[in-house]
$ cat entry-v2.tsv   # TSV, C-alpha atoms
chain	number	residue	atom	x	y	z
A	786	MET	CA	-7.71	84.72	31.64
A	787	THR	CA	-7.12	87.69	33.95
A	788	TRP	CA	-10.10	89.96	34.62
A	789	ASN	CA	-8.56	93.20	35.83
A	790	LEU	CA	-9.87	96.74	35.37
A	791	PRO	CA	-8.01	97.42	32.09
A	792	ASN	CA	-9.40	94.23	30.56
A	793	ILE	CA	-12.92	95.02	31.79
A	794	LEU	CA	-12.69	98.47	30.15
A	795	THR	CA	-11.60	96.81	26.91
A	796	VAL	CA	-14.55	94.40	27.01
A	797	ILE	CA	-16.92	97.31	27.67
A	798	ARG	CA	-15.51	99.08	24.61
A	799	LEU	CA	-15.97	95.91	22.55
A	800	LEU	CA	-19.61	95.61	23.63
A	801	ALA	CA	-20.20	99.32	22.99
A	802	ALA	CA	-19.30	98.88	19.30
A	803	PRO	CA	-22.54	97.10	18.27
A	804	GLY	CA	-24.38	99.27	20.80
A	805	VAL	CA	-23.76	102.28	18.54
A	806	ALA	CA	-25.78	100.62	15.78
A	807	VAL	CA	-28.45	99.41	18.19
A	808	MET	CA	-29.15	103.04	19.20
A	809	PHE	CA	-30.60	103.63	15.73
A	810	LEU	CA	-32.93	100.63	16.09
A	811	TYR	CA	-34.55	101.71	19.35
A	812	PHE	CA	-34.48	105.51	19.17
A	813	THR	CA	-35.55	108.10	16.62
A	814	ARG	CA	-33.18	110.77	15.43
A	815	PRO	CA	-31.69	113.04	16.76
A	816	TYR	CA	-31.88	111.08	20.02
A	817	ALA	CA	-30.20	108.09	18.37
A	818	ASP	CA	-27.38	110.40	17.22
A	819	TRP	CA	-27.01	111.74	20.76
A	820	PHE	CA	-26.87	108.32	22.36
A	821	ALA	CA	-24.54	106.96	19.67
A	822	LEU	CA	-22.24	109.98	20.12
A	823	LEU	CA	-22.13	109.63	23.90
A	824	LEU	CA	-21.64	105.87	23.74
A	825	PHE	CA	-18.92	106.14	21.10
A	826	ALA	CA	-17.11	108.99	22.87
A	827	GLY	CA	-17.24	107.15	26.21
A	828	ALA	CA	-15.91	103.98	24.63
A	829	ALA	CA	-13.16	105.91	22.81
A	830	ILE	CA	-12.00	107.40	26.12
A	831	THR	CA	-11.61	103.91	27.58
A	832	ASP	CA	-9.23	103.16	24.68
A	833	TYR	CA	-6.73	105.49	26.36
A	834	PHE	CA	-7.37	104.49	29.94
A	835	ASP	CA	-7.27	100.70	29.55
A	836	GLY	CA	-3.81	100.84	27.97
A	837	TYR	CA	-2.56	103.50	30.37
A	838	LEU	CA	-3.78	101.64	33.46
A	839	ALA	CA	-2.46	98.30	32.21
A	840	ARG	CA	1.04	99.77	31.82
A	841	ALA	CA	0.92	101.87	35.00
A	842	TRP	CA	-0.30	98.98	37.16
A	843	GLY	CA	1.75	96.29	35.47
A	844	GLN	CA	-1.45	94.49	34.42
A	845	GLU	CA	-0.73	93.90	30.73
A	846	THR	CA	-2.15	90.52	29.74
A	847	LYS	CA	-2.48	88.37	26.62
A	848	LEU	CA	-6.27	88.77	26.82
A	849	GLY	CA	-5.98	92.56	26.78
A	850	ALA	CA	-3.42	92.51	23.96
A	851	MET	CA	-5.78	90.35	21.90
A	852	LEU	CA	-9.03	92.23	22.63
A	853	ASP	CA	-7.73	95.81	22.42
A	854	PRO	CA	-7.17	95.99	18.61
A	855	ILE	CA	-10.36	93.99	18.00
A	856	ALA	CA	-12.38	96.48	20.07
A	857	ASP	CA	-10.81	99.43	18.23
A	858	LYS	CA	-11.56	97.96	14.81
A	859	ALA	CA	-15.10	96.95	15.78
A	860	MET	CA	-15.85	100.48	17.00
A	861	VAL	CA	-14.52	102.13	13.86
A	862	VAL	CA	-16.04	99.67	11.36
A	863	ILE	CA	-19.52	99.62	12.91
A	864	ALA	CA	-19.65	103.39	13.47
A	865	LEU	CA	-18.55	104.10	9.89
A	866	MET	CA	-21.15	101.63	8.62
A	867	VAL	CA	-23.86	103.51	10.53
A	868	ILE	CA	-22.67	106.95	9.40
A	869	VAL	CA	-22.43	105.94	5.73
A	870	GLY	CA	-25.77	104.13	5.91
A	871	TYR	CA	-27.56	107.22	7.21
A	872	SER	CA	-25.72	109.66	4.93
A	873	SER	CA	-26.59	110.86	1.44
A	874	MET	CA	-23.85	108.49	0.13
A	875	SER	CA	-21.62	111.43	-0.78
A	876	PRO	CA	-18.40	110.17	-2.42
A	877	TRP	CA	-16.45	112.58	-0.19
A	878	LEU	CA	-17.63	110.47	2.75
A	879	VAL	CA	-17.82	107.03	1.15
A	880	LEU	CA	-14.30	107.08	-0.35
A	881	PRO	CA	-12.29	107.69	2.87
A	882	ALA	CA	-14.60	105.31	4.74
A	883	THR	CA	-13.87	102.66	2.10
A	884	VAL	CA	-10.10	103.17	2.47
A	885	ILE	CA	-10.37	102.77	6.24
A	886	LEU	CA	-12.57	99.68	6.07
A	887	PHE	CA	-10.40	98.04	3.40
A	888	ARG	CA	-7.21	98.60	5.38
A	889	GLU	CA	-8.68	97.24	8.62
A	890	VAL	CA	-9.88	94.07	6.87
A	891	PHE	CA	-6.61	93.71	4.95
A	892	VAL	CA	-4.34	94.09	7.98
A	893	SER	CA	-6.53	91.77	10.08
A	894	GLY	CA	-6.33	89.13	7.36
A	895	LEU	CA	-2.58	89.65	7.05
A	896	ARG	CA	-2.07	89.21	10.78
A	897	GLU	CA	-4.22	86.07	10.78
A	898	TYR	CA	-2.20	84.59	7.91
A	899	LEU	CA	1.12	85.38	9.59
A	900	GLY	CA	-0.02	83.76	12.84
A	901	ASP	CA	2.66	83.92	15.54
A	902	THR	CA	4.90	85.90	13.20
A	903	ALA	CA	2.40	88.78	13.36
A	904	GLY	CA	3.80	89.60	16.80
A	905	THR	CA	6.83	91.06	15.03
A	906	LEU	CA	4.59	93.71	13.43
A	907	LYS	CA	4.51	96.09	16.35
A	908	VAL	CA	1.90	98.83	16.58
A	909	THR	CA	3.62	102.08	15.65
A	910	LYS	CA	3.00	105.58	16.97
A	911	LEU	CA	1.60	106.51	13.56
A	912	ALA	CA	-0.92	103.65	13.87
A	913	LYS	CA	-2.01	105.06	17.23
A	914	TRP	CA	-2.43	108.50	15.67
A	915	LYS	CA	-4.44	106.81	12.93
A	916	THR	CA	-6.84	105.32	15.47
A	917	THR	CA	-7.15	108.67	17.27
A	918	ALA	CA	-7.94	110.47	14.01
A	919	GLN	CA	-10.55	107.85	13.10
A	920	MET	CA	-12.32	108.15	16.43
A	921	LEU	CA	-12.26	111.97	16.40
A	922	ALA	CA	-13.66	112.03	12.87
A	923	ILE	CA	-16.47	109.62	13.75
A	924	ALA	CA	-17.40	111.53	16.91
A	925	VAL	CA	-17.58	114.84	14.99
A	926	LEU	CA	-19.68	113.23	12.24
A	927	PHE	CA	-22.12	111.93	14.85
A	928	ALA	CA	-22.28	115.48	16.24
A	929	GLN	CA	-23.05	116.74	12.74
A	930	GLY	CA	-26.04	114.37	12.68
A	931	VAL	CA	-27.27	115.88	15.95
A	932	PHE	CA	-27.15	119.43	14.57
A	933	GLU	CA	-28.71	118.34	11.27
A	934	HIS	CA	-31.73	116.73	12.85
A	935	TYR	CA	-32.33	119.48	15.41
A	936	PHE	CA	-32.28	121.91	12.49
A	937	GLY	CA	-34.71	119.68	10.57
A	938	MET	CA	-37.05	119.50	13.57
A	939	SER	CA	-36.95	123.29	13.93
A	940	ILE	CA	-37.89	124.03	10.32
A	941	PHE	CA	-40.61	121.37	10.14
A	942	GLY	CA	-43.72	122.99	8.68
A	943	MET	CA	-41.89	126.12	7.47
A	944	ASP	CA	-41.67	127.01	3.81
A	945	SER	CA	-38.26	127.58	2.25
A	946	ALA	CA	-38.82	131.34	1.97
A	947	MET	CA	-39.41	131.64	5.72
A	948	VAL	CA	-36.30	129.59	6.51
A	949	ARG	CA	-34.23	131.72	4.14
A	950	ASP	CA	-35.54	134.96	5.69
A	951	ILE	CA	-34.67	133.77	9.18
A	952	LEU	CA	-31.17	132.67	8.17
A	953	ASP	CA	-30.63	135.97	6.31
A	954	GLY	CA	-31.67	137.95	9.39
A	955	HIS	CA	-34.88	139.37	7.91
A	956	GLU	CA	-37.01	137.50	10.48
A	957	GLU	CA	-36.42	136.93	14.18
A	958	ASP	CA	-34.61	133.66	14.87
A	959	LEU	CA	-36.74	132.38	17.75
A	960	LEU	CA	-35.78	128.73	17.26
A	961	GLY	CA	-32.02	129.18	16.94
A	962	LEU	CA	-31.85	128.16	13.29
A	963	LYS	CA	-28.61	130.04	12.71
A	964	TRP	CA	-26.54	128.31	15.36
A	965	LYS	CA	-27.99	124.93	14.42
A	966	MET	CA	-27.13	125.51	10.78
A	967	THR	CA	-23.66	126.77	11.71
A	968	GLY	CA	-23.04	123.75	13.91
A	969	MET	CA	-24.24	121.41	11.17
A	970	ILE	CA	-21.96	122.97	8.55
A	971	TRP	CA	-18.85	123.22	10.71
A	972	ALA	CA	-19.23	119.73	12.18
A	973	GLY	CA	-19.82	118.31	8.71
A	974	HIS	CA	-16.74	119.98	7.24
A	975	ALA	CA	-14.52	119.22	10.24
A	976	GLY	CA	-15.71	115.60	10.32
A	977	LEU	CA	-14.93	115.12	6.63
A	978	TRP	CA	-11.48	116.70	6.93
A	979	LEU	CA	-10.68	114.52	9.93
A	980	LEU	CA	-11.96	111.45	8.09
A	981	TRP	CA	-9.73	112.19	5.10
A	982	ILE	CA	-6.74	112.69	7.43
A	983	ALA	CA	-7.62	109.40	9.12
A	984	ALA	CA	-7.91	107.69	5.72
A	985	PHE	CA	-4.47	108.98	4.70
A	986	LEU	CA	-2.89	107.75	7.95
A	987	THR	CA	-4.77	104.48	7.56
A	988	PHE	CA	-3.39	104.01	4.04
A	989	VAL	CA	0.19	104.86	5.09
A	990	THR	CA	0.14	102.47	8.06
A	991	GLY	CA	-1.41	99.76	5.89
A	992	VAL	CA	1.41	100.10	3.36
A	993	ASP	CA	3.92	100.03	6.23
A	994	TYR	CA	2.46	96.77	7.60
A	995	MET	CA	2.52	95.23	4.12
A	996	ARG	CA	6.16	96.26	3.59
A	997	LYS	CA	7.21	94.80	6.94
A	998	SER	CA	5.37	91.55	6.25
A	999	LEU	CA	6.89	90.95	2.78
A	1000	PRO	CA	9.90	88.96	4.11
A	1001	TYR	CA	7.47	86.50	5.74
A	1002	LEU	CA	5.40	86.08	2.56
A	1003	LYS	CA	8.22	84.86	0.34
A	1004	ASP	CA	8.11	81.21	-0.73

$ encode --input "entry-v2.tsv" --output "structure tokens"
Amino acid sequence: MTWNLPNILTVIRLLAAPGVAVMFLYFTRPYADWFALLLFAGAAITDYFDGYLARAWGQETKLGAMLDPIADKAMVVIALMVIVGYSSMSPWLVLPATVILFREVFVSGLREYLGDTAGTLKVTKLAKWKTTAQMLAIAVLFAQGVFEHYFGMSIFGMDSAMVRDILDGHEEDLLGLKWKMTGMIWAGHAGLWLLWIAAFLTFVTGVDYMRKSLPYLKD
């Protein structure tokens, strides 16, 4: 096994995947959301640099080729599990998350069954866009959690009438409730739209992998 910088970045990304969930064990919210967001965003950035550096430096290895998709899937699956687990279980969130999780498990199982033949199923540009959309959606949804809990901390002890008066502009907004609410709403909507886009791309690429694998599944 070759331990070069691209492979080390891939391993760091792989280890960061469970770290996202661990943040919610050791920290209260919104600090857990902050740390999970920063850890996830940092790990997602390495997804670009490890591949770029491996190609630029001629350091592409079998270890990196094996670990890279595993790290990507681990990041997405664990982060979605955390987001859904801490959400209100809205079907608008659960449904696209289910599509993404199902496809990742299905394609992984398909590749395992095909064995060496799976090497013929090359990663397409659309699959790379799919991964990018997934990671953007997850990062924005973590940001939504940050806004949501800062807003919750700010209104703690207030009655609903006071909160409504502040948001309507009838009372002075000393705690920044308006921008926290705006951030929460926009991040929530943007995160859901990105997640649905990611789910669509995930479904399309999953169908594409299945179609390409059919000749190898015939008896």

$ residues_around --input "entry-v2.tsv" --residues "segment 964-978 of chain A" --least-positions-apart "4" --cutoff "7 Å" --atoms "all atoms listed in the file" --output "JSON, numbers by chain"
{"A": [878, 922, 923, 925, 926, 928, 929, 932, 933, 936, 982]}

$ atom_distance --input "entry-v2.tsv" --atom1 "atom CA of Arg996 of chain A" --atom2 "atom CA of Pro854 of chain A"
20.1 Å

$ atom_distance --input "entry-v2.tsv" --atom1 "atom CA of Ala983 of chain A" --atom2 "atom CA of Lys915 of chain A"
5.6 Å

$ residues_near_point --input "entry-v2.tsv" --point "(-18.8, 98.7, 21.5)" --cutoff "8 Å" --atoms "all atoms listed in the file" --output "list in words"
Ile797, Arg798, Leu799, Leu800, Ala801, Ala802, Pro803, Gly804, Val805, Phe825, Ala828, Ala856, Ala859 and Met860 of chain A

$ closest_residue --input "entry-v2.tsv" --among "A:Ser998, A:Asp832, A:Leu824, A:Gly930" --to "Ser873 of chain A" --atoms "only C-alpha atoms"
A:Gly930

$ atom_distance --input "entry-v2.tsv" --atom1 "atom CA of Lys847 of chain A" --atom2 "atom CA of Lys910 of chain A"
20.5 Å

$ closest_residue --input "entry-v2.tsv" --among "A:Trp788, A:Phe927, A:Trp914, A:Tyr935" --to "Ala839 of chain A" --atoms "only C-alpha atoms"
A:Trp788

$ residues_around --input "entry-v2.tsv" --residues "Ala817 of chain A" --least-positions-apart "2" --cutoff "10 Å" --atoms "only C-alpha atoms" --output "list of chain:residue names"
A:Val805, A:Ala806, A:Val807, A:Met808, A:Phe809, A:Leu810, A:Tyr811, A:Phe812, A:Thr813, A:Arg814, A:Pro815, A:Trp819, A:Phe820, A:Ala821, A:Leu822, A:Leu823, A:Phe927, A:Gly930, A:Val931

$ write_last_selection --input "entry-v2.tsv" --atoms "C-alpha atoms" --output "short mmCIF file (atom, residue, chain, number, x, y, z; two decimals), in the coordinates of the input"
data_model
loop_
_atom_site.label_atom_id
_atom_site.label_comp_id
_atom_site.auth_asym_id
_atom_site.auth_seq_id
_atom_site.Cartn_x
_atom_site.Cartn_y
_atom_site.Cartn_z
CA VAL A 805 -23.76 102.28 18.54
CA ALA A 806 -25.78 100.62 15.78
CA VAL A 807 -28.45 99.41 18.19
CA MET A 808 -29.15 103.04 19.20
CA PHE A 809 -30.60 103.63 15.73
CA LEU A 810 -32.93 100.63 16.09
CA TYR A 811 -34.55 101.71 19.35
CA PHE A 812 -34.48 105.51 19.17
CA THR A 813 -35.55 108.10 16.62
CA ARG A 814 -33.18 110.77 15.43
CA PRO A 815 -31.69 113.04 16.76
CA TRP A 819 -27.01 111.74 20.76
CA PHE A 820 -26.87 108.32 22.36
CA ALA A 821 -24.54 106.96 19.67
CA LEU A 822 -22.24 109.98 20.12
CA LEU A 823 -22.13 109.63 23.90
CA PHE A 927 -22.12 111.93 14.85
CA GLY A 930 -26.04 114.37 12.68
CA VAL A 931 -27.27 115.88 15.95
#

$ closest_residue --input "entry-v2.tsv" --among "A:Trp842, A:Phe891, A:Phe834, A:Tyr816" --to "Gly991 of chain A" --atoms "all atoms listed in the file"
A:Phe891

$ closest_residue --input "entry-v2.tsv" --among "A:Thr990, A:Val948, A:Thr909, A:Leu1002" --to "Arg888 of chain A" --atoms "only C-alpha atoms"
A:Thr990

$ decode --input "entry-v2.tsv" --residues "segment 808-956 of chain A" --atoms "C-alpha atoms" --output "short mmCIF file (atom, residue, chain, number, x, y, z; two decimals), in the first residue's frame"
data_model
loop_
_atom_site.label_atom_id
_atom_site.label_comp_id
_atom_site.auth_asym_id
_atom_site.auth_seq_id
_atom_site.Cartn_x
_atom_site.Cartn_y
_atom_site.Cartn_z
CA MET A 808 -20.15 15.54 17.40
CA PHE A 809 -23.76 15.08 18.52
CA LEU A 810 -22.68 12.73 21.31
CA TYR A 811 -20.17 15.07 22.94
CA PHE A 812 -21.60 18.53 22.25
CA THR A 813 -24.96 20.19 22.72
CA ARG A 814 -26.69 21.95 19.88
CA PRO A 815 -26.04 24.33 18.13
CA TYR A 816 -22.35 23.65 18.83
CA ALA A 817 -22.72 20.08 17.56
CA ASP A 818 -24.24 21.46 14.35
CA TRP A 819 -21.33 23.89 13.97
CA PHE A 820 -18.68 21.24 14.49
CA ALA A 821 -20.49 18.74 12.25
CA LEU A 822 -20.81 21.40 9.52
CA LEU A 823 -17.14 22.37 9.70
CA LEU A 824 -15.99 18.75 9.82
CA PHE A 825 -18.24 17.74 6.93
CA ALA A 826 -17.32 20.76 4.80
CA GLY A 827 -13.60 20.22 5.43
CA ALA A 828 -13.88 16.56 4.53
CA ALA A 829 -15.91 17.35 1.40
CA ILE A 830 -13.18 19.74 0.22
CA THR A 831 -10.61 16.94 0.49
CA ASP A 832 -12.81 14.93 -1.91
CA TYR A 833 -11.73 17.34 -4.64
CA PHE A 834 -8.11 17.74 -3.64
CA ASP A 835 -7.21 14.07 -3.15
CA GLY A 836 -8.35 13.20 -6.67
CA TYR A 837 -6.84 16.33 -8.19
CA LEU A 838 -3.47 15.83 -6.49
CA ALA A 839 -3.39 12.12 -7.33
CA ARG A 840 -3.84 12.89 -11.04
CA ALA A 841 -1.57 15.96 -11.07
CA TRP A 842 1.27 14.18 -9.27
CA GLY A 843 0.81 10.82 -10.95
CA GLN A 844 0.06 9.21 -7.57
CA GLU A 845 -3.12 7.30 -8.41
CA THR A 846 -3.08 4.00 -6.52
CA LYS A 847 -5.33 0.97 -6.04
CA LEU A 848 -5.70 1.91 -2.37
CA GLY A 849 -6.96 5.38 -3.27
CA ALA A 850 -9.30 4.03 -5.96
CA MET A 851 -10.77 1.62 -3.40
CA LEU A 852 -11.08 4.04 -0.47
CA ASP A 853 -12.32 7.12 -2.33
CA PRO A 854 -15.89 5.90 -3.15
CA ILE A 855 -16.15 4.26 0.28
CA ALA A 856 -15.26 7.55 1.99
CA ASP A 857 -17.80 9.44 -0.15
CA LYS A 858 -20.59 6.99 0.62
CA ALA A 859 -19.74 6.86 4.33
CA MET A 860 -19.86 10.66 4.58
CA VAL A 861 -23.20 10.93 2.81
CA VAL A 862 -24.90 7.98 4.55
CA ILE A 863 -23.82 8.93 8.08
CA ALA A 864 -24.56 12.65 7.63
CA LEU A 865 -28.03 11.92 6.22
CA MET A 866 -28.68 9.53 9.10
CA VAL A 867 -27.83 12.29 11.59
CA ILE A 868 -29.90 14.95 9.79
CA VAL A 869 -32.97 12.71 9.48
CA GLY A 870 -32.57 11.52 13.08
CA TYR A 871 -32.59 15.08 14.42
CA SER A 872 -35.32 16.32 12.08
CA SER A 873 -39.08 16.35 12.52
CA MET A 874 -39.22 13.33 10.13
CA SER A 875 -40.80 15.46 7.40
CA PRO A 876 -41.55 13.30 4.33
CA TRP A 877 -40.05 16.05 2.17
CA LEU A 878 -36.72 15.26 3.85
CA VAL A 879 -37.10 11.54 4.49
CA LEU A 880 -38.12 10.60 0.92
CA PRO A 881 -35.09 12.02 -0.96
CA ALA A 882 -32.80 10.75 1.82
CA THR A 883 -34.31 7.28 1.36
CA VAL A 884 -33.72 7.39 -2.40
CA ILE A 885 -30.08 8.35 -1.85
CA LEU A 886 -29.46 5.71 0.81
CA PHE A 887 -31.17 2.98 -1.23
CA ARG A 888 -29.14 3.77 -4.34
CA GLU A 889 -25.83 3.81 -2.47
CA VAL A 890 -26.55 0.42 -0.89
CA PHE A 891 -27.86 -1.01 -4.17
CA VAL A 892 -24.89 0.10 -6.28
CA SER A 893 -22.41 -1.04 -3.61
CA GLY A 894 -24.05 -4.47 -3.56
CA LEU A 895 -24.10 -4.58 -7.35
CA ARG A 896 -20.40 -3.77 -7.56
CA GLU A 897 -19.60 -6.41 -4.93
CA TYR A 898 -21.56 -9.04 -6.85
CA LEU A 899 -19.88 -8.16 -10.14
CA GLY A 900 -16.43 -8.39 -8.56
CA ASP A 901 -13.65 -7.67 -11.07
CA THR A 902 -16.24 -6.92 -13.73
CA ALA A 903 -17.33 -3.86 -11.73
CA GLY A 904 -14.23 -2.10 -13.03
CA THR A 905 -16.02 -1.75 -16.36
CA LEU A 906 -18.66 0.45 -14.68
CA LYS A 907 -16.72 3.68 -14.80
CA VAL A 908 -17.70 6.65 -12.67
CA THR A 909 -19.47 9.12 -14.95
CA LYS A 910 -19.46 12.91 -14.82
CA LEU A 911 -23.12 12.79 -13.80
CA ALA A 912 -22.17 10.57 -10.83
CA LYS A 913 -19.60 13.17 -9.79
CA TRP A 914 -22.26 15.89 -10.02
CA LYS A 915 -24.49 13.65 -7.93
CA THR A 916 -21.88 13.45 -5.17
CA THR A 917 -21.35 17.22 -5.31
CA ALA A 918 -25.09 17.87 -5.01
CA GLN A 919 -25.36 15.46 -2.08
CA MET A 920 -22.54 17.13 -0.18
CA LEU A 921 -23.83 20.66 -0.86
CA ALA A 922 -27.32 19.68 0.30
CA ILE A 923 -26.01 18.11 3.51
CA ALA A 924 -23.78 21.10 4.31
CA VAL A 925 -26.70 23.54 3.83
CA LEU A 926 -28.98 21.37 5.99
CA PHE A 927 -26.38 21.38 8.77
CA ALA A 928 -26.27 25.19 8.43
CA GLN A 929 -30.06 25.24 8.78
CA GLY A 930 -29.66 23.42 12.10
CA VAL A 931 -27.24 26.10 13.27
CA PHE A 932 -29.70 28.91 12.50
CA GLU A 933 -32.60 26.97 14.00
CA HIS A 934 -30.93 26.41 17.34
CA TYR A 935 -29.51 29.93 17.64
CA PHE A 936 -33.05 31.18 17.02
CA GLY A 937 -34.38 28.76 19.65
CA MET A 938 -31.78 29.93 22.17
CA SER A 939 -32.68 33.57 21.48
CA ILE A 940 -36.41 33.13 22.07
CA PHE A 941 -36.00 30.96 25.16
CA GLY A 942 -38.26 32.37 27.88
CA MET A 943 -40.22 34.62 25.49
CA ASP A 944 -43.92 34.15 24.92
CA SER A 945 -45.19 33.69 21.36
CA ALA A 946 -46.76 37.17 21.29
CA MET A 947 -43.42 38.82 22.05
CA VAL A 948 -41.64 36.77 19.37
CA ARG A 949 -44.34 37.67 16.84
CA ASP A 950 -44.11 41.38 17.70
CA ILE A 951 -40.35 41.37 17.25
CA LEU A 952 -40.54 39.54 13.92
CA ASP A 953 -43.32 41.89 12.74
CA GLY A 954 -41.20 44.93 13.64
CA HIS A 955 -43.42 46.16 16.48
CA GLU A 956 -40.64 45.59 19.03
#
